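Colleague: Coordinates in data.pdb, PDB, C-alpha atoms and all ligand atoms, are listed below.
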ATOM      1  CA  MET O 454     116.936  78.734  86.278  1.00  0.00           C
ATOM      2  CA  PRO O 455     116.209  81.798  88.501  1.00  0.00           C
ATOM      3  CA  LYS O 456     115.230  81.205  92.116  1.00  0.00           C
ATOM      4  CA  LEU O 457     111.630  81.259  93.284  1.00  0.00           C
ATOM      5  CA  LEU O 458     110.706  84.721  94.581  1.00  0.00           C
ATOM      6  CA  HIS O 459     108.949  84.842  97.949  1.00  0.00           C
ATOM      7  CA  LEU O 460     106.816  87.957  98.475  1.00  0.00           C
ATOM      8  CA  GLN O 461     106.078  88.798 102.099  1.00  0.00           C
ATOM      9  CA  VAL O 462     103.204  91.171 102.782  1.00  0.00           C
ATOM     10  CA  ALA O 463     100.530  91.978 105.317  1.00  0.00           C
ATOM     11  CA  CYS O 464      97.736  93.879 103.651  1.00  0.00           C
ATOM     12  CA  ALA O 465      94.343  95.235 104.665  1.00  0.00           C
ATOM     13  CA  GLU O 466      91.212  94.535 102.630  1.00  0.00           C
ATOM     14  CA  ASN O 467      91.620  98.009 101.081  1.00  0.00           C
ATOM     15  CA  ARG O 468      95.229  97.041 100.171  1.00  0.00           C
ATOM     16  CA  VAL O 469      96.814  99.398 102.722  1.00  0.00           C
ATOM     17  CA  ILE O 470     100.226  98.199 103.948  1.00  0.00           C
ATOM     18  CA  GLY O 471     101.704 101.311 105.593  1.00  0.00           C
ATOM     19  CA  ARG O 472     101.070 104.689 107.189  1.00  0.00           C
ATOM     20  CA  ASP O 473     103.618 107.439 107.895  1.00  0.00           C
ATOM     21  CA  GLY O 474     106.515 105.079 107.161  1.00  0.00           C
ATOM     22  CA  ARG O 475     105.319 102.454 109.627  1.00  0.00           C
ATOM     23  CA  LEU O 476     103.016  99.462 109.726  1.00  0.00           C
ATOM     24  CA  PRO O 477      99.466 100.695 110.319  1.00  0.00           C
ATOM     25  CA  TRP O 478      98.814  97.976 112.924  1.00  0.00           C
ATOM     26  CA  SER O 479     100.563  95.930 115.537  1.00  0.00           C
ATOM     27  CA  ILE O 480      99.850  92.233 115.019  1.00  0.00           C
ATOM     28  CA  PRO O 481     102.433  90.253 117.015  1.00  0.00           C
ATOM     29  CA  GLU O 482     101.532  86.893 115.462  1.00  0.00           C
ATOM     30  CA  ASP O 483     102.083  88.282 111.970  1.00  0.00           C
ATOM     31  CA  LEU O 484     105.346  89.958 112.930  1.00  0.00           C
ATOM     32  CA  LYS O 485     106.631  86.684 114.353  1.00  0.00           C
ATOM     33  CA  PHE O 486     105.540  84.853 111.195  1.00  0.00           C
ATOM     34  CA  PHE O 487     107.377  87.413 109.061  1.00  0.00           C
ATOM     35  CA  HIS O 488     110.551  87.207 111.147  1.00  0.00           C
ATOM     36  CA  ASP O 489     110.499  83.397 111.144  1.00  0.00           C
ATOM     37  CA  GLN O 490     109.952  83.233 107.382  1.00  0.00           C
ATOM     38  CA  THR O 491     112.803  85.594 106.565  1.00  0.00           C
ATOM     39  CA  ALA O 492     115.410  84.535 109.168  1.00  0.00           C
ATOM     40  CA  GLY O 493     118.619  83.421 107.456  1.00  0.00           C
ATOM     41  CA  GLN O 494     117.391  84.440 103.995  1.00  0.00           C
ATOM     42  CA  THR O 495     118.089  87.247 101.547  1.00  0.00           C
ATOM     43  CA  VAL O 496     115.602  90.101 101.945  1.00  0.00           C
ATOM     44  CA  VAL O 497     115.131  92.629  99.138  1.00  0.00           C
ATOM     45  CA  LEU O 498     113.609  95.864 100.393  1.00  0.00           C
ATOM     46  CA  GLY O 499     113.320  99.591  99.728  1.00  0.00           C
ATOM     47  CA  ARG O 500     115.258 102.237 101.622  1.00  0.00           C
ATOM     48  CA  VAL O 501     112.323 103.323 103.803  1.00  0.00           C
ATOM     49  CA  CYS O 502     111.610  99.751 104.883  1.00  0.00           C
ATOM     50  CA  PHE O 503     115.286  99.299 105.661  1.00  0.00           C
ATOM     51  CA  GLU O 504     115.487 102.491 107.737  1.00  0.00           C
ATOM     52  CA  THR O 505     112.496 101.440 109.818  1.00  0.00           C
ATOM     53  CA  TRP O 506     113.854  97.916 110.431  1.00  0.00           C
ATOM     54  CA  PRO O 507     117.140  98.467 112.300  1.00  0.00           C
ATOM     55  CA  ARG O 508     117.331  94.812 113.391  1.00  0.00           C
ATOM     56  CA  VAL O 509     117.006  93.438 109.874  1.00  0.00           C
ATOM     57  CA  ARG O 510     120.460  91.845 109.961  1.00  0.00           C
ATOM     58  CA  LEU O 511     119.724  89.912 113.138  1.00  0.00           C
ATOM     59  CA  ASP O 512     118.902  86.251 112.632  1.00  0.00           C
ATOM     60  CA  GLY O 513     121.276  86.080 109.672  1.00  0.00           C
ATOM     61  CA  ARG O 514     119.120  88.003 107.230  1.00  0.00           C
ATOM     62  CA  GLN O 515     121.056  89.354 104.258  1.00  0.00           C
ATOM     63  CA  PRO O 516     119.488  92.667 103.182  1.00  0.00           C
ATOM     64  CA  VAL O 517     119.759  93.963  99.635  1.00  0.00           C
ATOM     65  CA  VAL O 518     118.483  97.540  99.901  1.00  0.00           C
ATOM     66  CA  ILE O 519     117.175  99.294  96.806  1.00  0.00           C
ATOM     67  CA  THR O 520     118.223 102.942  96.914  1.00  0.00           C
ATOM     68  CA  SER O 521     120.054 105.676  95.109  1.00  0.00           C
ATOM     69  CA  ARG O 522     121.480 106.940  98.407  1.00  0.00           C
ATOM     70  CA  LEU O 523     123.317 104.376 100.508  1.00  0.00           C
ATOM     71  CA  PRO O 524     127.080 104.061 100.180  1.00  0.00           C
ATOM     72  CA  ASP O 525     128.748 101.816  97.680  1.00  0.00           C
ATOM     73  CA  PRO O 526     130.942  99.841  98.380  1.00  0.00           C
ATOM     74  CA  PRO O 527     128.651  98.199 100.917  1.00  0.00           C
ATOM     75  CA  ALA O 528     128.905  98.369 104.699  1.00  0.00           C
ATOM     76  CA  PRO O 529     130.890  95.384 105.955  1.00  0.00           C
ATOM     77  CA  ALA O 530     129.675  92.441 107.999  1.00  0.00           C
ATOM     78  CA  VAL O 531     129.690  93.059 111.749  1.00  0.00           C
ATOM     79  CA  THR O 532     130.238  90.753 114.688  1.00  0.00           C
ATOM     80  CA  ASN O 533     128.561  91.540 117.995  1.00  0.00           C
ATOM     81  CA  GLY O 534     129.708  89.058 120.618  1.00  0.00           C
ATOM     82  CA  SER O 535     129.032  85.653 119.102  1.00  0.00           C
ATOM     83  CA  LYS O 536     126.495  87.096 116.616  1.00  0.00           C
ATOM     84  CA  TRP O 537     127.517  87.720 113.023  1.00  0.00           C
ATOM     85  CA  SER O 538     125.513  90.117 110.860  1.00  0.00           C
ATOM     86  CA  PRO O 539     125.844  89.975 107.090  1.00  0.00           C
ATOM     87  CA  PRO O 540     127.151  92.966 105.149  1.00  0.00           C
ATOM     88  CA  LEU O 541     124.693  95.538 103.877  1.00  0.00           C
ATOM     89  CA  LEU O 542     124.315  95.300 100.112  1.00  0.00           C
ATOM     90  CA  THR O 543     122.655  97.996  98.026  1.00  0.00           C
ATOM     91  CA  ALA O 544     121.352  98.190  94.474  1.00  0.00           C
ATOM     92  CA  PRO O 545     119.881 101.016  92.384  1.00  0.00           C
ATOM     93  CA  SER O 546     116.954  98.990  90.972  1.00  0.00           C
ATOM     94  CA  LEU O 547     114.921  95.829  91.522  1.00  0.00           C
ATOM     95  CA  ALA O 548     116.670  94.147  88.573  1.00  0.00           C
ATOM     96  CA  ALA O 549     120.091  94.925  90.050  1.00  0.00           C
ATOM     97  CA  ALA O 550     118.971  93.754  93.511  1.00  0.00           C
ATOM     98  CA  LEU O 551     117.712  90.453  92.099  1.00  0.00           C
ATOM     99  CA  SER O 552     120.985  89.928  90.217  1.00  0.00           C
ATOM    100  CA  ILE O 553     122.847  90.267  93.521  1.00  0.00           C
ATOM    101  CA  ALA O 554     120.329  88.113  95.395  1.00  0.00           C
ATOM    102  CA  GLU O 555     120.666  85.283  92.852  1.00  0.00           C
ATOM    103  CA  THR O 556     124.354  84.966  93.707  1.00  0.00           C
ATOM    104  CA  LEU O 557     123.697  84.600  97.471  1.00  0.00           C
ATOM    105  CA  PRO O 558     122.823  81.408  99.345  1.00  0.00           C
ATOM    106  CA  GLY O 559     119.265  80.769 100.544  1.00  0.00           C
ATOM    107  CA  GLU O 560     115.869  82.040  99.463  1.00  0.00           C
ATOM    108  CA  ILE O 561     114.965  85.475  98.086  1.00  0.00           C
ATOM    109  CA  HIS O 562     112.227  87.296 100.019  1.00  0.00           C
ATOM    110  CA  ILE O 563     110.776  90.519  98.597  1.00  0.00           C
ATOM    111  CA  CYS O 564     109.707  92.686 101.531  1.00  0.00           C
ATOM    112  CA  GLY O 565     108.368  95.857  99.846  1.00  0.00           C
ATOM    113  CA  GLY O 566     107.490  98.660  99.770  1.00  0.00           C
ATOM    114  CA  GLU O 567     104.877  99.634  97.257  1.00  0.00           C
ATOM    115  CA  ARG O 568     106.908 100.129  94.076  1.00  0.00           C
ATOM    116  CA  ILE O 569     109.046  97.056  94.714  1.00  0.00           C
ATOM    117  CA  TYR O 570     105.944  94.898  95.125  1.00  0.00           C
ATOM    118  CA  ALA O 571     104.442  96.350  91.933  1.00  0.00           C
ATOM    119  CA  GLU O 572     107.603  95.740  89.909  1.00  0.00           C
ATOM    120  CA  THR O 573     107.937  92.213  91.300  1.00  0.00           C
ATOM    121  CA  LEU O 574     104.339  91.263  90.530  1.00  0.00           C
ATOM    122  CA  ALA O 575     104.914  92.450  86.949  1.00  0.00           C
ATOM    123  CA  LEU O 576     107.784  89.970  86.504  1.00  0.00           C
ATOM    124  CA  ASP O 577     107.159  86.848  84.484  1.00  0.00           C
ATOM    125  CA  ARG O 578     108.792  84.312  86.809  1.00  0.00           C
ATOM    126  CA  PRO O 579     107.705  81.864  89.499  1.00  0.00           C
ATOM    127  CA  MET O 580     106.704  83.465  92.781  1.00  0.00           C
ATOM    128  CA  ARG O 581     105.098  82.568  96.076  1.00  0.00           C
ATOM    129  CA  LEU O 582     103.028  85.196  97.859  1.00  0.00           C
ATOM    130  CA  HIS O 583     102.932  84.921 101.650  1.00  0.00           C
ATOM    131  CA  LEU O 584      99.963  87.177 102.264  1.00  0.00           C
ATOM    132  CA  THR O 585      98.509  88.068 105.623  1.00  0.00           C
ATOM    133  CA  LEU O 586      95.151  89.558 104.739  1.00  0.00           C
ATOM    134  CA  VAL O 587      93.903  91.768 107.562  1.00  0.00           C
ATOM    135  CA  HIS O 588      90.124  91.749 107.445  1.00  0.00           C
ATOM    136  CA  ALA O 589      89.568  95.477 107.893  1.00  0.00           C
ATOM    137  CA  ASP O 590      89.725  98.679 105.891  1.00  0.00           C
ATOM    138  CA  VAL O 591      92.612 100.556 107.462  1.00  0.00           C
ATOM    139  CA  PRO O 592      93.646 104.190 106.866  1.00  0.00           C
ATOM    140  CA  GLY O 593      97.065 104.486 105.238  1.00  0.00           C
ATOM    141  CA  ASP O 594      99.258 105.966 102.519  1.00  0.00           C
ATOM    142  CA  THR O 595     101.088 102.927 101.117  1.00  0.00           C
ATOM    143  CA  PHE O 596      99.402 100.130  99.202  1.00  0.00           C
ATOM    144  CA  PHE O 597      99.955  96.608  97.922  1.00  0.00           C
ATOM    145  CA  PRO O 598      99.092  96.417  94.211  1.00  0.00           C
ATOM    146  CA  ASP O 599      95.882  94.692  93.267  1.00  0.00           C
ATOM    147  CA  TRP O 600      96.818  91.007  93.266  1.00  0.00           C
ATOM    148  CA  ARG O 601      93.396  89.381  93.200  1.00  0.00           C
ATOM    149  CA  HIS O 602      93.039  89.319  89.398  1.00  0.00           C
ATOM    150  CA  LEU O 603      96.362  87.509  88.880  1.00  0.00           C
ATOM    151  CA  ALA O 604      96.408  83.749  88.324  1.00  0.00           C
ATOM    152  CA  TRP O 605      97.313  82.477  91.799  1.00  0.00           C
ATOM    153  CA  ARG O 606      96.967  78.945  93.059  1.00  0.00           C
ATOM    154  CA  GLU O 607      96.151  78.907  96.756  1.00  0.00           C
ATOM    155  CA  THR O 608      98.290  76.286  98.508  1.00  0.00           C
ATOM    156  CA  SER O 609      97.413  77.070 102.119  1.00  0.00           C
ATOM    157  CA  ARG O 610      95.313  79.302 104.320  1.00  0.00           C
ATOM    158  CA  ARG O 611      94.983  79.691 108.074  1.00  0.00           C
ATOM    159  CA  GLU O 612      92.549  81.931 109.901  1.00  0.00           C
ATOM    160  CA  SER O 613      93.570  83.733 113.057  1.00  0.00           C
ATOM    161  CA  ALA O 614      92.705  86.755 115.181  1.00  0.00           C
ATOM    162  CA  ASP O 615      93.824  88.901 118.057  1.00  0.00           C
ATOM    163  CA  ALA O 616      92.008  91.445 120.196  1.00  0.00           C
ATOM    164  CA  ASN O 617      91.961  94.011 117.359  1.00  0.00           C
ATOM    165  CA  TYR O 618      91.886  92.198 114.022  1.00  0.00           C
ATOM    166  CA  ARG O 619      90.823  89.067 112.231  1.00  0.00           C
ATOM    167  CA  TYR O 620      93.373  87.992 109.620  1.00  0.00           C
ATOM    168  CA  THR O 621      94.167  85.099 107.295  1.00  0.00           C
ATOM    169  CA  PHE O 622      97.592  83.728 106.397  1.00  0.00           C
ATOM    170  CA  PHE O 623      97.495  82.766 102.704  1.00  0.00           C
ATOM    171  CA  THR O 624     100.133  81.084 100.583  1.00  0.00           C
ATOM    172  CA  LEU O 625      99.535  81.757  96.894  1.00  0.00           C
ATOM    173  CA  GLU O 626     101.686  80.557  94.002  1.00  0.00           C
ATOM    174  CA  ARG O 627     102.227  81.602  90.407  1.00  0.00           C
ATOM    175  CA  PRO O 628     104.207  79.398  87.983  1.00  0.00           C
TER
HETATM  176  N1  LIG C 701     102.459  95.583 105.624  1.00  0.00           N
HETATM  177  C1  LIG C 701     103.576  95.144 105.033  1.00  0.00           C
HETATM  178  O1  LIG C 701     103.745  93.939 104.810  1.00  0.00           O
HETATM  179  C2  LIG C 701     104.595  96.131 104.595  1.00  0.00           C
HETATM  180  C3  LIG C 701     105.706  95.697 103.867  1.00  0.00           C
HETATM  181  C4  LIG C 701     106.619  96.645 103.444  1.00  0.00           C
HETATM  182  C5  LIG C 701     106.423  97.972 103.739  1.00  0.00           C
HETATM  183  N2  LIG C 701     105.347  98.354 104.474  1.00  0.00           N
HETATM  184  C6  LIG C 701     105.108  99.768 104.780  1.00  0.00           C
HETATM  185  O2  LIG C 701     105.294 100.519 103.588  1.00  0.00           O
HETATM  186  C7  LIG C 701     105.953 101.730 103.880  1.00  0.00           C
HETATM  187  C8  LIG C 701     107.329 101.752 103.208  1.00  0.00           C
HETATM  188  O3  LIG C 701     107.201 101.471 101.825  1.00  0.00           O
HETATM  189  P1  LIG C 701     107.439 102.578 100.709  1.00  0.00           P
HETATM  190  O4  LIG C 701     106.869 102.059  99.430  1.00  0.00           O
HETATM  191  O5  LIG C 701     106.944 103.887 101.215  1.00  0.00           O
HETATM  192  O6  LIG C 701     109.018 102.708 100.666  1.00  0.00           O
HETATM  193  P2  LIG C 701     110.234 101.728 100.307  1.00  0.00           P
HETATM  194  O7  LIG C 701     109.942 100.968  99.052  1.00  0.00           O
HETATM  195  O8  LIG C 701     110.626 100.942 101.492  1.00  0.00           O
HETATM  196  O9  LIG C 701     111.365 102.804 100.076  1.00  0.00           O
HETATM  197  C9  LIG C 701     111.236 103.762  99.042  1.00  0.00           C
HETATM  198  C10 LIG C 701     112.622 104.092  98.557  1.00  0.00           C
HETATM  199  O10 LIG C 701     113.270 102.899  98.125  1.00  0.00           O
HETATM  200  C11 LIG C 701     113.934 103.137  96.885  1.00  0.00           C
HETATM  201  N3  LIG C 701     113.167 102.425  95.870  1.00  0.00           N
HETATM  202  C12 LIG C 701     112.016 101.764  96.077  1.00  0.00           C
HETATM  203  N4  LIG C 701     111.637 101.134  94.957  1.00  0.00           N
HETATM  204  C13 LIG C 701     112.581 101.399  94.038  1.00  0.00           C
HETATM  205  C14 LIG C 701     112.757 101.005  92.699  1.00  0.00           C
HETATM  206  N5  LIG C 701     111.892 100.179  92.106  1.00  0.00           N
HETATM  207  N6  LIG C 701     113.822 101.460  92.019  1.00  0.00           N
HETATM  208  C15 LIG C 701     114.707 102.257  92.633  1.00  0.00           C
HETATM  209  N7  LIG C 701     114.619 102.658  93.926  1.00  0.00           N
HETATM  210  C16 LIG C 701     113.546 102.228  94.611  1.00  0.00           C
HETATM  211  C17 LIG C 701     113.985 104.633  96.753  1.00  0.00           C
HETATM  212  O11 LIG C 701     115.071 105.006  97.583  1.00  0.00           O
HETATM  213  P3  LIG C 701     115.963 106.339  97.447  1.00  0.00           P
HETATM  214  O12 LIG C 701     115.042 107.481  97.705  1.00  0.00           O
HETATM  215  O13 LIG C 701     117.017 106.155  98.476  1.00  0.00           O
HETATM  216  O14 LIG C 701     116.531 106.322  96.047  1.00  0.00           O
HETATM  217  C18 LIG C 701     112.668 105.038  97.377  1.00  0.00           C
HETATM  218  O15 LIG C 701     112.631 106.388  97.800  1.00  0.00           O
HETATM  219  C19 LIG C 701     106.051 101.792 105.400  1.00  0.00           C
HETATM  220  O16 LIG C 701     104.898 102.405 105.917  1.00  0.00           O
HETATM  221  C20 LIG C 701     106.104 100.327 105.768  1.00  0.00           C
HETATM  222  O17 LIG C 701     105.703 100.093 107.102  1.00  0.00           O
HETATM  223  C21 LIG C 701     104.443  97.467 104.906  1.00  0.00           C
END
Spit out the file's structure as structure tokens when you get a sec.
Modeller:
Amino acid sequence: MPKLLHLQVACAENRVIGRDGRLPWSIPEDLKFFHDQTAGQTVVLGRVCFETWPRVRLDGRQPVVITSRLPDPPAPAVTNGSKWSPPLLTAPSLAAALSIAETLPGEIHICGGERIYAETLALDRPMRLHLTLVHADVPGDTFFPDWRHLAWRETSRRESADANYRYTFFTLERP
């Protein structure tokens, strides 16, 4: 039985998730939520996301980076003082990344970007979407696929806000 896939995304009402290779907002509460959710777990992510998240391997995260470019065999694990960082694993496709992730301990968290989210949502397997919906239309160049028409069951929601944005933390599940 394949593992449950956790999708992690923060998305504006107009489905924007990124601009110029970065997040189009700074929402500390959401960033903390994301880091807490993914600490100690396997994170599957595209090359651009990886390059803009240099501290991904802190907190015991095991990245599996989807790319045609990074070296294979993978970069080894590193120890910095008492901290151990997992090795960097790479894969040429989502399917290959998921095959690797299935063999690793812990949960599988899909962290984008756009094409990886789209390919994951098209899979016919159980998934849990951890969606932070930012209640604004935000300019950007990278989008989360339209998820609203899919058959989700909402299992939790929590409203929050900071000085700049109102946002809602949703947990949505698909069998
Ligand atoms: N708001 C959020 O929750 C959130 C989450 C994630 C990302 N973002 C934002 O989104 C942007 C980055 O996402 P992105 O979509 O531009 O880039 P990305 O998915 O991180 O990286 C794109 C690269 O990953 C590889 N790749 C991605 N999907 C692949 C696939 N299905 N098969 C094979 N290779 C694949 C390719 O690498 P090679 O060129 O090396 O072959 C491709 O050029 C940033 O602005 C980031 O801040 C936001």
Colleague: Which residue gives the smallest distance to Ala544 of chain O among O:Ala571, O:Ala589, O:Val497, O:Leu557, with only C-alpha atoms counted?
Modeller: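 Closest to Ala544 of chain O of all the choices is O:Val497.
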Colleague: Take the PyMOL selection byres (((chain O and resi 566) around 10) and not hetatm), apply it to the structure above, and return the hits as a PyMOL selection string.
Modeller: chain O and resi 462+470-471+474+497-503+563-565+567-571+595-597
Colleague: Measure the distance from atom CA of Asp483 of chain O to atom CA of Thr585 of chain O in Å and round it to one decimal.
Modeller: 7.3 Å
Colleague: When you count only C-alpha atoms and all ligand atoms, which of these residues is closest to ligand LIG 701 (chain C): O:Thr505, O:Thr520, O:Thr608, O:Ser613?
Modeller: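 Comparing O:Thr505, O:Thr520, O:Thr608, O:Ser613 against ligand LIG 701 (chain C), the winner is O:Thr520.
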Colleague: One decimal, in Å: what's the spacing between atom CA of Ala604 of chain O and atom CA of Glu626 of chain O?
Modeller: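 Straight-line distance from atom CA of Ala604 of chain O to atom CA of Glu626 of chain O works out to 8.4 Å.
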Colleague: Written as a count of residues only, what is the full residue list that the PyMOL selection byres (((chain O and resi 550) around 12) and not hetatm) yields on the file shown?
Modeller: 32
Colleague: Translate the PyMOL selection byres (((chain O and resi 458) around 9) and not hetatm) into a concrete residue list for this structure, as a count of residues only.
Modeller: 15
Colleague: Within 6 Å of Gln494 of chain O, counting all atoms listed in the file, which residues qualify if same-chain residues fewer than 2 places away don't, as an mmCIF file with C-alpha atoms, in the frame of the given file?
Modeller:
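result.cif, written as the output of this step:
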data_model
loop_
_atom_site.group_PDB
_atom_site.id
_atom_site.type_symbol
_atom_site.label_atom_id
_atom_site.label_comp_id
_atom_site.auth_asym_id
_atom_site.auth_seq_id
_atom_site.Cartn_x
_atom_site.Cartn_y
_atom_site.Cartn_z
ATOM 1 C CA THR O 491 112.803 85.594 106.565
ATOM 2 C CA ALA O 492 115.410 84.535 109.168
ATOM 3 C CA ARG O 514 119.120 88.003 107.230
ATOM 4 C CA GLY O 559 119.265 80.769 100.544
ATOM 5 C CA GLU O 560 115.869 82.040 99.463
#
Colleague: Hey, which of O:Arg508, O:Lys485, O:Arg522, O:Arg468 ends up closest to ligand LIG 701 (chain C)? Count all atoms listed in the file.
Modeller: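 When distances to ligand LIG 701 (chain C) are compared using all atoms listed in the file, the smallest one comes from O:Arg522.
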